[in-house]
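Only one structure is covered here, and it is reproduced in the block below.
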Amino acid sequence: MTVLDRPRTALRFEVVLVLLLSLGQSAVYAVVSLVAKLTAGKPLSKQTATLNPSQSPRPYLDLTYQLLGIFFALVPVLLALYLLDRPRRTLGISFDRPAFDLGWGFGLAAAIGIPGLLLVYVAAQLGLNAQIVPAALKPVWWAIPVLILAAIQNAILEEVIVVGYLMTRLSSFGWRVAAAVTASALLRGSYHLYQGFGAFAGNAIMGVVFALFFVKFKRVMPLIIAHSLLDIAAFVGYTLLPKAWLSWL
């Protein structure tokens, strides 16, 4: 059965379920986290938002938790791919255009990453963001490989669900491009709200750029590469930077 054979109500229900199992759920928790920060009795800029925290003081138990978290976070991606018709062609997830994917991936990472750093700095100065801790793993041998895997997992989850799957489904509902791009961008921004309003704005802008790229090229692979590069730079860079530099930043 193709998407055209399925009732529109069933497709809408499918989208709601996929989002509630993945990034829609994250968005709800992010809103609650932001409200908690705003009502904590101290400025947002004096609070922290920690990504990739340690899960256990026991190193190999922590490693187990980290790998399980990465694995189960990708299950909704498999579900979304299963529900789409010919996902390889629909989303452009393949390895047959490496030059195109890598070229655009690095280009998008540079175009998003450099202004993004400036936006983070401005948001911090204006008190619109919590202090972001990109990685808080113990100094163990597996920390860097796990952070790289976590970055790739984030990229696959977000770009497949929020761009590829959601934009494809909204298009099948007859949504205009502008409305679909806006919905995708707002969803991306919303599940970053636990970091603050600056993170919402920055990720929503990134969402517009990435969604428009998908509309033009119908290819998710460059977006996965770009997002992976951005997160690897943030997670691994934060871990490897000298503490004196971090305090200055």
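Labels for the structure tokens follow display order: chains A, B, ..., residues from 1 in each chain, ligands from 1.
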
Item checked: Test item: residues at most 6 Å from segment 123-139 of chain A, only C-alpha atoms, excluding those fewer than 5 positions along its chain, as an NGL selection string -> :A and (44-45 or 47-54 or 195-198 or 235)

Can those selected residues be exported to a file as a tab-separated table (two decimals), in the first residue's frame so that it contains all heavy atoms?
```
chain	number	residue	atom	x	y	z
A	44	LEU	N	18.57	32.88	34.09
A	44	LEU	CA	18.80	31.76	33.17
A	44	LEU	C	20.27	31.63	32.83
A	44	LEU	O	20.80	30.52	32.74
A	44	LEU	CB	17.98	31.98	31.90
A	44	LEU	CG	18.06	30.91	30.80
A	44	LEU	CD1	17.58	29.57	31.32
A	44	LEU	CD2	17.25	31.34	29.58
A	45	SER	N	20.96	32.76	32.70
A	45	SER	CA	22.37	32.74	32.32
A	45	SER	C	23.27	32.17	33.41
A	45	SER	O	24.43	31.85	33.16
A	45	SER	CB	22.84	34.15	31.97
A	45	SER	OG	22.67	35.03	33.07
A	47	GLN	N	22.44	29.41	35.07
A	47	GLN	CA	22.14	27.98	35.14
A	47	GLN	C	22.82	27.25	33.99
A	47	GLN	O	23.29	27.88	33.04
A	47	GLN	CB	20.63	27.77	35.10
A	47	GLN	CG	19.89	28.49	36.25
A	47	GLN	CD	18.41	28.25	36.20
A	47	GLN	OE1	17.93	27.13	36.30
A	47	GLN	NE2	17.65	29.33	36.05
A	48	THR	N	22.88	25.94	34.08
A	48	THR	CA	23.57	25.16	33.06
A	48	THR	C	22.62	24.19	32.36
A	48	THR	O	21.61	23.76	32.94
A	48	THR	CB	24.73	24.34	33.67
A	48	THR	OG1	24.20	23.45	34.67
A	48	THR	CG2	25.76	25.25	34.30
A	49	ALA	N	22.93	23.89	31.13
A	49	ALA	CA	22.26	22.85	30.35
A	49	ALA	C	23.34	21.89	29.89
A	49	ALA	O	24.21	22.26	29.10
A	49	ALA	CB	21.52	23.46	29.17
A	50	THR	N	23.30	20.67	30.41
A	50	THR	CA	24.37	19.72	30.15
A	50	THR	C	23.95	18.69	29.11
A	50	THR	O	22.93	18.02	29.25
A	50	THR	CB	24.77	18.99	31.45
A	50	THR	OG1	25.16	19.95	32.42
A	50	THR	CG2	25.92	18.02	31.19
A	51	LEU	N	24.74	18.59	28.06
A	51	LEU	CA	24.55	17.57	27.03
A	51	LEU	C	25.53	16.43	27.32
A	51	LEU	O	26.62	16.66	27.83
A	51	LEU	CB	24.81	18.13	25.64
A	51	LEU	CG	23.84	19.16	25.06
A	51	LEU	CD1	23.85	20.47	25.81
A	51	LEU	CD2	24.17	19.40	23.59
A	52	ASN	N	25.15	15.22	26.98
A	52	ASN	CA	26.03	14.06	27.15
A	52	ASN	C	26.58	13.94	28.56
A	52	ASN	O	27.80	13.90	28.78
A	52	ASN	CB	27.19	14.12	26.14
A	52	ASN	CG	26.71	14.23	24.71
A	52	ASN	OD1	26.04	13.36	24.20
A	52	ASN	ND2	27.06	15.34	24.06
A	53	PRO	N	25.71	13.89	29.57
A	53	PRO	CA	26.22	13.73	30.94
A	53	PRO	C	26.63	12.30	31.21
A	53	PRO	O	26.21	11.36	30.51
A	53	PRO	CB	25.00	14.10	31.79
A	53	PRO	CG	23.83	13.69	30.94
A	53	PRO	CD	24.25	13.97	29.51
A	54	SER	N	27.44	12.12	32.21
A	54	SER	CA	27.78	10.77	32.66
A	54	SER	C	26.56	10.14	33.31
A	54	SER	O	25.78	10.82	33.98
A	54	SER	CB	28.94	10.85	33.67
A	54	SER	OG	29.25	9.57	34.15
A	195	GLN	N	17.96	24.67	26.55
A	195	GLN	CA	19.20	25.45	26.57
A	195	GLN	C	18.93	26.95	26.69
A	195	GLN	O	19.83	27.71	27.04
A	195	GLN	CB	20.02	25.18	25.32
A	195	GLN	CG	20.44	23.73	25.14
A	195	GLN	CD	21.15	23.49	23.82
A	195	GLN	OE1	21.62	24.42	23.17
A	195	GLN	NE2	21.20	22.23	23.40
A	196	GLY	N	17.72	27.38	26.33
A	196	GLY	CA	17.38	28.79	26.40
A	196	GLY	C	16.80	29.30	25.10
A	196	GLY	O	16.70	28.58	24.11
A	197	PHE	N	16.45	30.59	25.10
A	197	PHE	CA	15.80	31.19	23.93
A	197	PHE	C	16.77	31.38	22.77
A	197	PHE	O	16.37	31.31	21.60
A	197	PHE	CB	15.19	32.54	24.33
A	197	PHE	CG	14.13	32.42	25.38
A	197	PHE	CD1	14.38	32.80	26.69
A	197	PHE	CD2	12.88	31.92	25.06
A	197	PHE	CE1	13.40	32.68	27.66
A	197	PHE	CE2	11.89	31.79	26.03
A	197	PHE	CZ	12.15	32.17	27.33
A	198	GLY	N	18.03	31.64	23.06
A	198	GLY	CA	19.02	31.77	21.99
A	198	GLY	C	19.18	30.48	21.23
A	198	GLY	O	19.30	30.49	19.99
A	235	PHE	N	31.11	18.73	20.83
A	235	PHE	CA	31.30	17.75	21.91
A	235	PHE	C	32.79	17.47	22.16
A	235	PHE	O	33.27	17.56	23.29
A	235	PHE	CB	30.60	16.44	21.57
A	235	PHE	CG	29.11	16.55	21.39
A	235	PHE	CD1	28.38	15.51	20.81
A	235	PHE	CD2	28.42	17.70	21.76
A	235	PHE	CE1	27.01	15.60	20.64
A	235	PHE	CE2	27.04	17.79	21.59
A	235	PHE	CZ	26.34	16.74	21.02
```

Note to self: So that I can see what lies close to Leu229 of chain A, please list as number ranges by chain the residues with an atom at most 12 Å from it, counting only C-alpha atoms and leaving out residues fewer than 5 positions away in the same chain.
What the structure shows: A: 102, 104-113, 147-156, 222-224, 234-237

Can I get the selected residues back with C-alpha atoms, as a PDB file, in the first residue's frame?
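Printed below is selection19.pdb as written:
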```
ATOM      1  CA  LEU A 102      30.608  15.773   1.476  1.00  0.00           C
ATOM      2  CA  TRP A 104      27.546  20.352   0.753  1.00  0.00           C
ATOM      3  CA  GLY A 105      27.971  18.785   4.190  1.00  0.00           C
ATOM      4  CA  PHE A 106      31.169  20.697   4.928  1.00  0.00           C
ATOM      5  CA  GLY A 107      29.783  23.837   3.312  1.00  0.00           C
ATOM      6  CA  LEU A 108      26.594  23.808   5.370  1.00  0.00           C
ATOM      7  CA  ALA A 109      28.552  23.074   8.545  1.00  0.00           C
ATOM      8  CA  ALA A 110      30.723  26.136   7.955  1.00  0.00           C
ATOM      9  CA  ALA A 111      27.764  28.320   6.990  1.00  0.00           C
ATOM     10  CA  ILE A 112      25.801  27.325  10.099  1.00  0.00           C
ATOM     11  CA  GLY A 113      28.637  26.834  12.587  1.00  0.00           C
ATOM     12  CA  LEU A 147      30.873  11.549  21.842  1.00  0.00           C
ATOM     13  CA  ILE A 148      31.463  11.045  18.110  1.00  0.00           C
ATOM     14  CA  LEU A 149      28.805   8.316  18.026  1.00  0.00           C
ATOM     15  CA  ALA A 150      26.420  10.568  19.973  1.00  0.00           C
ATOM     16  CA  ALA A 151      26.984  13.375  17.461  1.00  0.00           C
ATOM     17  CA  ILE A 152      26.250  11.083  14.515  1.00  0.00           C
ATOM     18  CA  GLN A 153      23.183   9.706  16.292  1.00  0.00           C
ATOM     19  CA  ASN A 154      21.852  13.226  16.868  1.00  0.00           C
ATOM     20  CA  ALA A 155      22.399  14.063  13.220  1.00  0.00           C
ATOM     21  CA  ILE A 156      20.660  10.951  11.886  1.00  0.00           C
ATOM     22  CA  PRO A 222      24.519  16.268   3.295  1.00  0.00           C
ATOM     23  CA  LEU A 223      22.418  17.408   6.245  1.00  0.00           C
ATOM     24  CA  ILE A 224      23.483  14.393   8.305  1.00  0.00           C
ATOM     25  CA  ALA A 234      31.106  20.996  19.886  1.00  0.00           C
ATOM     26  CA  PHE A 235      31.304  17.754  21.910  1.00  0.00           C
ATOM     27  CA  VAL A 236      34.898  16.753  21.228  1.00  0.00           C
ATOM     28  CA  GLY A 237      36.198  20.313  21.111  1.00  0.00           C
TER      29      GLY A 237
END
```

Margin query: Using DSSP assignments from the backbone, pull out every residue in segment 24-236 of chain A that falls under helix (DSSP H, G or I) and give it to me as a ChimeraX atom specification.
Written below: /A:24-38,44-46,59-73,75-83,87-91,98-125,143-172,177-190,193-195,197-217,221-236

Margin query: Set the distance at 12 Å and use only C-alpha atoms: which residues neighbour Phe72 of chain A once local chain neighbours fewer than 5 positions away are removed? I'd like the list as a PyMOL selection string.
Written below: chain A and resi 21-22+65-67+77-79+150+153-154+157
